[in-house]
Structure formats: structure tokens, C-alpha cells
Protein chains: 4
Amino acid sequence: MTIILGDNQYGKAETHVVRVTRDGATHEIQDVNVSIALAGDFDASHTEGDNSKIVPTDTQKNTVFAFAKDSIGEIEQFALRLARHFVDDFAAVHRARVSIEEYLWARVNVGGSEHAHAFVRASAEKRLTMVTSTNDASWVVSGLSDLVLLKSTGSEFWGYQKDRYTTLEETRDRVLATAVVARWRYANLDVDWGSAFTHARTALIDAFASKHSLALQQTLFAMGESVLKARPEIAEVRLTLPNKHHFLVDLSSFGLENDNEVFYAADRPYGLIEGTVTRDDAAEPGHAW
Amino acid sequence: MTIILGDNQYGKAETHVVRVTRDGATHEIQDVNVSIALAGDFDASHTEGDNSKIVPTDTQKNTVFAFAKDSIGEIEQFALRLARHFVDDFAAVHRARVSIEEYLWARVNVGGSEHAHAFVRASAEKRLTMVTSTNDASWVVSGLSDLVLLKSTGSEFWGYQKDRYTTLEETRDRVLATAVVARWRYANLDVDWGSAFTHARTALIDAFASKHSLALQQTLFAMGESVLKARPEIAEVRLTLPNKHHFLVDLSSFGLENDNEVFYAADRPYGLIEGTVTRDDAAEPGHAW
Amino acid sequence: MTIILGDNQYGKAETHVVRVTRDGATHEIQDVNVSIALAGDFDASHTEGDNSKIVPTDTQKNTVFAFAKDSIGEIEQFALRLARHFVDDFAAVHRARVSIEEYLWARVNVGGSEHAHAFVRASAEKRLTMVTSTNDASWVVSGLSDLVLLKSTGSEFWGYQKDRYTTLEETRDRVLATAVVARWRYANLDVDWGSAFTHARTALIDAFASKHSLALQQTLFAMGESVLKARPEIAEVRLTLPNKHHFLVDLSSFGLENDNEVFYAADRPYGLIEGTVTRDDAAEPGHAW
Amino acid sequence: MTIILGDNQYGKAETHVVRVTRDGATHEIQDVNVSIALAGDFDASHTEGDNSKIVPTDTQKNTVFAFAKDSIGEIEQFALRLARHFVDDFAAVHRARVSIEEYLWARVNVGGSEHAHAFVRASAEKRLTMVTSTNDASWVVSGLSDLVLLKSTGSEFWGYQKDRYTTLEETRDRVLATAVVARWRYANLDVDWGSAFTHARTALIDAFASKHSLALQQTLFAMGESVLKARPEIAEVRLTLPNKHHFLVDLSSFGLENDNEVFYAADRPYGLIEGTVTRDDAAEPGHAW
């Protein structure tokens, strides 16, 4: 028996860069958090402490800043440039993965006009991308997180399995709430990234709102289907939906009725529904995930 | 020498309640996190374990839910109702403080129309209130937190003290960013709470955006002044402004100029600027804080 | 009516410094997070943007690093040195407050021996101090946070007020758990800081464990009293004790008894008990808090 | 093209249960956070909203509490019992995964004796397990997280790749610190879980402390190797090691030398080193991960 090195990767995580672009007095800002992971011919560093093929994570950080000087643009493009750089310029790097989360800002409105250089953080939502490049190809997975949605009706849950540990009562009307994490894989790189993101996001929200829900699983499938119908270049959608329980408070001992009006928003435990929605003829994922 | 009990209070913190109000098919939701603290004649509980005057925190939680059944309304009104209840209905309670943070939701827009019962969390910002009631009076402090603002120019910092430990270079153009925590004290209770909140918030943002800044301290004062000018019923504004440093990255070793374009958004350490802006004839704060 | 500046302070928060001290091959480490707040003659910065009296927060950070070169020692001593420096060396500074949280490390034990230079983070607990200096005097408040304690019996809660919103059942045996935040004020500066901290911490834990509890308020008082009895130089103890509820799970519908065996550890809401324990002849607090 | 459901699972996350066991006056406590994920024949719930095969997550929570009544024991045993229950008792469940994190408590010492029923949270470290069961077999992966380690010397980093973006200086002596997340896969189920955990943990710490480090990658490999040497029943170790950078502060402009004494503990960005150490003849992982 010999002890051996298995899969491994390393890189700089969470380089947080803000890029200001000036068009005369009018500024644009972009706010991104970039994480890099490189895999390749790095066995000697692990087994011998021989770092001759290691690109220091400090250099990776510097590269993010230097590339941001040219401009960031759509985060998918920025991640593609970075990932290709590491794979193309360093023989030891066989796979580079660049993950970006983008924080969203809105222009401040003063007296009815948009301010030229003052901004307000727009929401807690994040736009995401993860690009993986090898010598031969690149894959793009994009998505979003921290999109918090709630329906105050239009959600049921009944007809489930019962056993000796079941105490939950069936309901024909409940609050349904979740914090969406969605990631979708593009079938190719010939994509209008900004437009695709906007449509995918809208499709997720539309389906959550419009689909009468008999289970959060059903809502999940409808959300994925909605994205796939909206954008043909998306091959697959992976969704993680915590069920943010809102429990109806029993007010009867206070002589009060609670006709789906007062809910306790619980933290833990929570349901966690995860699923993939794809096409039967979807291209192979390769190294996308 | 005798060991004695000093100031004390107790209560239930963070009762998180969502209230759904139905106007036919159209629903409204309100999402609040309520914390209660009672002070009064509770020495015996501390020194003897005699709980005969204690209102259990579990009862406080139930009270929040029961009162929410009637409706929440403006958070200042809900806090006032709760605070007065504890002071008025329990002889042992000499002072009740009710703090509420409200999470903000927007109606989902589907195909150009607002959805009747689907909502999206609007931002990470929180609307705040803290109401303090005694047998004789009540005080209202309202505010907001997690309002993140950034100016990409219009901020300088120079002319400061230098000593042997000073290495900071003066700048005539920097990024200025902060996450505002603002709390303002109302001089009386005869206030249109919703309108006052909206105006105070707008005043804070306007001043941040419009005031050319020579110091975050100067911006703080301008923000407080702006609120006081906007609403005569506000007696005092207290601001806590972390200086969320955005450091210009030195790209010169890569042969690149950085003309205020690429910034590293640092986490820690951070400047922390705190200050009060008030009126010379402001009413006494009493038990407001 | 004129708008005026009220109380204000500013400084650098959370300068996180690790100090390594070498005694031959044997190393010691100290890991502290230092926050500074200065108050004084800073009106012109607020109202005019005149920074001529401002000590930049960047300089404050550098000062922490430079002072750490000499050594840190007990955190009270380090905070006193820093606070006195700002008050003594800058005429505009009328009050300096230095708050430190110290992270605790233990030496790694390898094969029965303590390692010379390898360390493991000992617990999530933090040792705290807050020193306030004016031109004339200094005050020291020390303490701890994140000390999580639990008793599986020896705690009751009954005999409390009941009203129409009371549903809580009385109990003669419950789990009592809390995460202690304790801060104690020293009457003078002539203290063996390390020994006092150790004794105060032990006194808190002893009282929590030994005192049969009829209310968390009673436990709080016993904990404060225990500290005051242990160290005569401590004038006052302020305690913040969240009641980390452990609810007995109802297993009866599964045909099981639950004789105080299975508990659900809830997150929110939680009780929050706050109180001060002091001496009837305690010295005035001055600017300590 | 048809839109289809891909991989999916659902369950109750983070049921936090504390189990008290009484041996006369002496109590033991166990504090665990249990997450369950079930996969199987759940397509109809996604596509039709037909929940007839769904075991509600609420029932899963109840099951955790009911099973805890019997006793928890080693977390691997508890997870195995739960996972087998869901796979064996519900035909629709084809795979159950139960993940547990255990919080560690120590008995309070009062006056030199261990207290019978008072406990203190021992550290921020967590003991982990993840058990996966199918109809035919079960797999156990155990581990730990939040083990924070630091070496004040015995770490170098030099000889790495340089390019136009490299500014990092080589070092023969640096601080090395990390927060270990380690997970190890057992080759079979015939294991003394408690002893294996203790030995694996010790092996990780020993290797971190003892191995002179030329790269965090080398330290990672040594840590994995050390675990595999300590316990033959462990087939594979996966390590995630953030490089918690401690940067030497430049004190030269203050006329001070910094001979590896004063370090700034940075938060972000951070290096992130991930790797697997295994045996060349390790059993296949099956559904373990």
C-alpha cells in the first residue's frame, strides 16, 4: 500500500475589487469578488515542497487587479479572460476555475435625476458565475443567490406519506418562502451574458409567483423549466431552495382566530429542496461543475 | 460594604413575525423582528428567585403575536401599542422598551403587472424603531441600518495631523463608501411615521451624494443636518458610519497606471465615525435612548 | 433654531495584530483585535472639513502595530499605553477609548510534550478590555464574551405573573443555557490584570454551576456577586445573558416519554437578561463606560 | 427536446437536538445538529405535485427527536440508524444521507471537582459525520471543522513561478495558519468511531506542528498521510485549508525593525488549498461523497 495524492486544487479566494469607469462626469462602478482555483501538475509541491510550478496565490490576486484595469464587463467575460490566462500562460495549469460574485448597485436619485457618481447597494442578491477552462475548452455556469421570495397564498401541501412520526397537518393554503440559489449551465460560449442573466432571473421569479404550488419540489421544477424555456442556450439549471418555514401561530388560547394572518418566521430547522432541471438532449457537462 | 443590584432589564428578543393582510385577492405583507425589554420592580427575582412580578418572556412573545392579529401598521405605532401595554397593564413594569426592525419587500412584477400575493425581498436595508414608555410618557427613536452608499469621486482627505506613525498619503480624490446606521429621535408623538421615515431616508442619501466631502466627519454632519432640515419633528440624529475603505491598487509594477479605476475593497480594519447632530433648542431626550 | 454638533468620536476599528515573542526556540503568541475611538476638539472637521486636528485612523492603526513591537503584555496594559498616547500626545484629543478583544490559543501537545511554536485556537471565548483615558485619569473595564454555559438540571421557573397571553407551563426542572457577556469595572489601576481576569472568570462559572436557579435573573445576580466577592478591586459587574432556550420535545404522540432527556435547542426568539451588580460604596464610574 | 428532471434530493436541515443522559446525579450531554437528505422516486412531486411518496421534512425532524430518546451515542452510529430507517422503511427512498455536526462540551470544574450537571462549550471546533445509505450498503465519512492552527515558524515559501504580475517576496520564515476542514472516508463500518476520530484529529495536529513546511500544499499532504498511517480503516482524507495570511508589518518608517514579531492577520483575500490524500489500493468510494 502506498499513500498517494488525489484530486487537488489551490488558488486565491475572495479578491474583492471595485472598478470605476468614467465617461466624463458620469461614472459607472462594478463590484466583484473573485475566487480562483487551479489544478494541474502540482504534485511536487505536495510531496516534496517543490514549488517550481506553483503560481502563487498572491500573483493570482495581482492578476485580478491588473485585468480589472482593462475593464471587467460582464462577469462571464472577465472570468473567461482570467481562466484562459492561467491555463494558456502556465504549462503546469491544466484546469483553471474562476468564480465571481457580483454585488449590485443602483445609481442614487437626487431630486428626480440620477446622480453622476453616487450609488446605493441595490439588494442583497448576488449575480454569480463560475468559469472552468482546460487547454481545450471552457465552460460557463452562471446564476444568482440570495433572491428571497415569498407567496402569501397559492401554496398547498397534502397527500404525503404518513408514519408513526408524522404530526404535520395537511394544508390547502400556506405561506411559501425561499432564498433562491440558482446556477445554470450554458451549452456554449456564444451568449449575450447580460441579457441571458436578466431573462433567467425573470423566468425564475415569474414561475415562483405564477405556478400554483402543491409542493416546493413542484415549484422548483417549474422554475427550472421556466429558465430553460426562456433561453435555449441554457442546458441545465440547478436549484437549491430552502423552505423558509412560516408557521401559523395558534392564537386560539387568546380567544383570537388566525385566518392565515399571523406567522412565525422560523430559522431552523428548515426544509432543503435541491434539484436539477435539464433537457433530454442537453450537451454533456464536461468540466462545467 | 454590601453587594447590590444596579440597573437591570429583561425581555424577549427577536420575535420574528410576518403579518399577511388580505384585501380580496390582493395581499399585503409586513415582516418585523420585535425585541422587548422591561425594567421595574424586579429585584426579588434577582435576589430571592421570587418571580411573582415577572412577566415571562414567553408571554411577551405571545403578546407580539396576539397584537399582530389586529394589524401592525407603521412600526412606530406597533411598538407604541406594545410598550404601553406592558407599562399600563403590569404595575411592576416601570419602563418598557420595544425595538423593531422591519424587513422590506416589494411586490413581484409579472409581465408588467404587480402580482397580487408574490413578493421579493427588496434590499438588505432595515427600517428601525425603538420606543420607550414609562407610566407618564413615551419616546420614539426611529432609523435605518444597512444602507450601503458609495461615491466614486467628490471626496478628499488631506490637511490632517502628522506624527512619526503617519504614512497615509493625502488625496484630493478618493472613493468614499459607508454602511449607514442612522437613528433619529422625534420630539413628540404627533408624527406621520411613514412619511417622516421616507423623508429622513431621502435626506440622508441626498446629503451623502450631494455634499462634496473633505472628511467622512463632514459628510456625517451634512447627513444629520439634512434630516433635521427635512423634518421639524426630528430633534436629533445619531449616525454611525464605518469608513468602508477602498484602496487604490498600485499597478505600476505591472506597467499600468491606475487613475482611480481599480480599488481593493478592504474588510478590516475600518474607520468608524460616530456623531450626533441636533438642534440647540431640542427638547430633552428623557428616556428616549 | 441652529443645528449643532453633539457628541462624537472616531477611530480605527478592528486592527487585528498577532505578536510573536521568541525565547530561544520557544515562542509565545498573542492575538488581539484593537479598536480605538477618539473624542475631543474635532468640530471643525465636521462643520468645515478642516482636518488639521484629526489624527487619521490610518495613523492609529500604524500606532497599534508600532506599540506591539515593544510587546503587548496584558491587554489592559496595552490598551492603557495606547489610550494615554493619544490623550497625551495630541492636544485635540480629550478622551481616548481603546477596546481590545483577545483570542485565546493553547500550545499544541505532540507526543506528550508541548510544542515550541505550534498553537491551536483554544475556544471561541474572548477576553475583553475597554480603557478610557482623559487628560486626568484612566478607567479600565475588562470582561469576556462567548462563554457558553449549560446546566442540565438545577434550574426552575415558576410563580410568575399570568395574564391572558400566558401559555408557558411552570417547571421545577429545566435546562438552563446562556452565552455570557460579562464586563467588570475596576476601582483603580493597581491591579494584577491577569490574575484578576482568571479569578473573575472562575467566579462567573462557579456561580452559574453552583447556584440553584429559580430564574436566570437570580443566576445573573449570583454570578455578579461571585465576581465582586472574589476580587475587591472590582467595583461593578455588568452581565448580558441570553436565555438560550432548550425546549423539551413532546414525544407522547410517538408513544414515548420524555423525562427531561430530549431538547430542541432554539435560536430565536430568546430571552435576554441584563443586569448590573455593584457595591453600595463603589467608586463613581466617571468615564469608564 | 423535452425538459426533464435530473438529480434531486430533499430533507430537513439543521435539527438541533441536545440529549441529556442521567446516571444518578451525574449527567452527560450531547449536542448535535442533524441534516437529512433523501433521494429516490420523487419525480411525481416535482412534475405533478403528487406528494404520495414524500416523507415530509417535518416527519424527518420528529424522527430525529424520537431516535434521540433511545440515545445518540457516537454520531456515526446515530447517523447510520437514521439513514437506514429512511431507506429501509420507505420504498420510495433509494438513498438517504444524514449529516451531523457535534458541538463539544466540557464538564465545569468547581473547586477542583468536576460538576455533575454543569457544562461549558469546549471550543469552536466541530466533529462531523456524513452517512449515506442505499438499500444495499452504507458509507461513512467523518471529519472535523473549525480547528484553527498556527505555527509561528517552521514555514517557508520560495522557488515558485514568477511572471509579470508577481510581487510576492520569497521567505524562509513565515507564520502559517489555517482553519482545518478535514473529512475522511472509512473503508468499512467495523470501526471504533470515537477512537478513530480522536486518533485522526491528533494525527492532523501532529503533522501540522511537526512537518517543516515549504508550502501549505506540503503540509496538507503530510496531514492526510498522518491520518492514513494512524488508522488503517480510513481510505481517504479530503482537506480544505484556507491560508489565513499573517503579513509581516513594515515598521521601518517608524525606525523599528520587525524580526518576525508583529503580524497583521488579514481576512480576505485568502489562499485556499484543497486536496485529497488516499491509498493506491483504497476501496471504491461508491456513494460515500
# chains A, B, ... in the order shown; residues from 1 in each chain; ligands from 1
>>> residues_around(residues="range 173-181 of chain B", least_positions_apart="6", cutoff="10 Å", atoms="only C-alpha atoms", output="NGL selection string")
(:A and (18 or 20 or 117-121)) or (:B and (125-126 or 128 or 143-157 or 204-205 or 208 or 213-216 or 219-220 or 238-248 or 260-261 or 263 or 265 or 271-274))
>>> interface_residues(of="chain D", to="chain A", cutoff="6 Å", atoms="only C-alpha atoms", output="PyMOL selection string")
chain D and resi 2-15+45-47+49+51-55+57+59+62-63+159-161+165-166+214-215+217-218+221+269-280
>>> residues_around(residues="range 190-193 of chain D", least_positions_apart="4", cutoff="8 Å", atoms="only C-alpha atoms", output="NGL selection string")
:D and (74 or 76 or 197 or 233)
>>> residues_around(residues="Thr134 in chain C", least_positions_apart="4", cutoff="8 Å", atoms="only C-alpha atoms", output="PyMOL selection string")
chain C and resi 84+87+94-96+138
>>> write_last_selection(atoms="C-alpha atoms", output="mmCIF file, in the first residue's frame")
data_model
loop_
_atom_site.group_PDB
_atom_site.id
_atom_site.type_symbol
_atom_site.label_atom_id
_atom_site.label_comp_id
_atom_site.auth_asym_id
_atom_site.auth_seq_id
_atom_site.Cartn_x
_atom_site.Cartn_y
_atom_site.Cartn_z
ATOM 1 C CA ARG C 84 -2.555 57.517 27.175
ATOM 2 C CA VAL C 87 -4.551 61.744 25.010
ATOM 3 C CA HIS C 94 -9.744 64.883 25.142
ATOM 4 C CA ARG C 95 -10.777 61.285 25.541
ATOM 5 C CA ALA C 96 -9.348 58.117 24.038
ATOM 6 C CA SER C 138 -7.913 56.393 33.089
#
>>> atom_distance(atom1="CA of Phe78 in chain A", atom2="CA of Ile29 in chain A")
14.8 Å
>>> select_by_dssp(residues="range 32-278 of chain B", states="alpha helix (DSSP H)", output="NGL selection string")
:B and (43-48 or 57-70 or 75-89 or 193-210 or 216-230)
>>> residues_around(residues="His287 in chain A", least_positions_apart="3", cutoff="12 Å", atoms="only C-alpha atoms", output="ChimeraX atom specification")
/A:94-97,130-141,185,283-284
>>> write_last_selection(atoms="C-alpha atoms", output="PDB file, in the first residue's frame")
ATOM      1  CA  HIS A  94      -4.410  22.016 -16.617  1.00  0.00           C
ATOM      2  CA  ARG A  95      -7.634  23.443 -15.320  1.00  0.00           C
ATOM      3  CA  ALA A  96      -8.496  26.919 -14.038  1.00  0.00           C
ATOM      4  CA  ARG A  97     -11.760  27.720 -12.370  1.00  0.00           C
ATOM      5  CA  MET A 130     -18.170  30.020 -12.443  1.00  0.00           C
ATOM      6  CA  VAL A 131     -15.962  29.510 -15.484  1.00  0.00           C
ATOM      7  CA  THR A 132     -13.837  26.399 -15.935  1.00  0.00           C
ATOM      8  CA  SER A 133     -11.140  26.288 -18.589  1.00  0.00           C
ATOM      9  CA  THR A 134      -8.855  23.495 -19.734  1.00  0.00           C
ATOM     10  CA  ASN A 135      -6.367  23.656 -22.571  1.00  0.00           C
ATOM     11  CA  ASP A 136      -9.090  22.653 -24.983  1.00  0.00           C
ATOM     12  CA  ALA A 137     -12.288  24.266 -23.847  1.00  0.00           C
ATOM     13  CA  SER A 138     -14.176  26.491 -21.414  1.00  0.00           C
ATOM     14  CA  TRP A 139     -17.487  26.041 -19.665  1.00  0.00           C
ATOM     15  CA  VAL A 140     -19.695  28.701 -18.140  1.00  0.00           C
ATOM     16  CA  VAL A 141     -22.129  28.236 -15.269  1.00  0.00           C
ATOM     17  CA  ARG A 185     -25.012  25.845 -17.352  1.00  0.00           C
ATOM     18  CA  ALA A 283     -24.829  18.708 -24.260  1.00  0.00           C
ATOM     19  CA  GLU A 284     -22.530  16.843 -21.887  1.00  0.00           C
TER      20      GLU A 284
END
>>> closest_residue(among="A:Arg107, A:Arg201, A:His115, A:Lys69", to="Ala25 in chain A", atoms="only C-alpha atoms")
A:His115
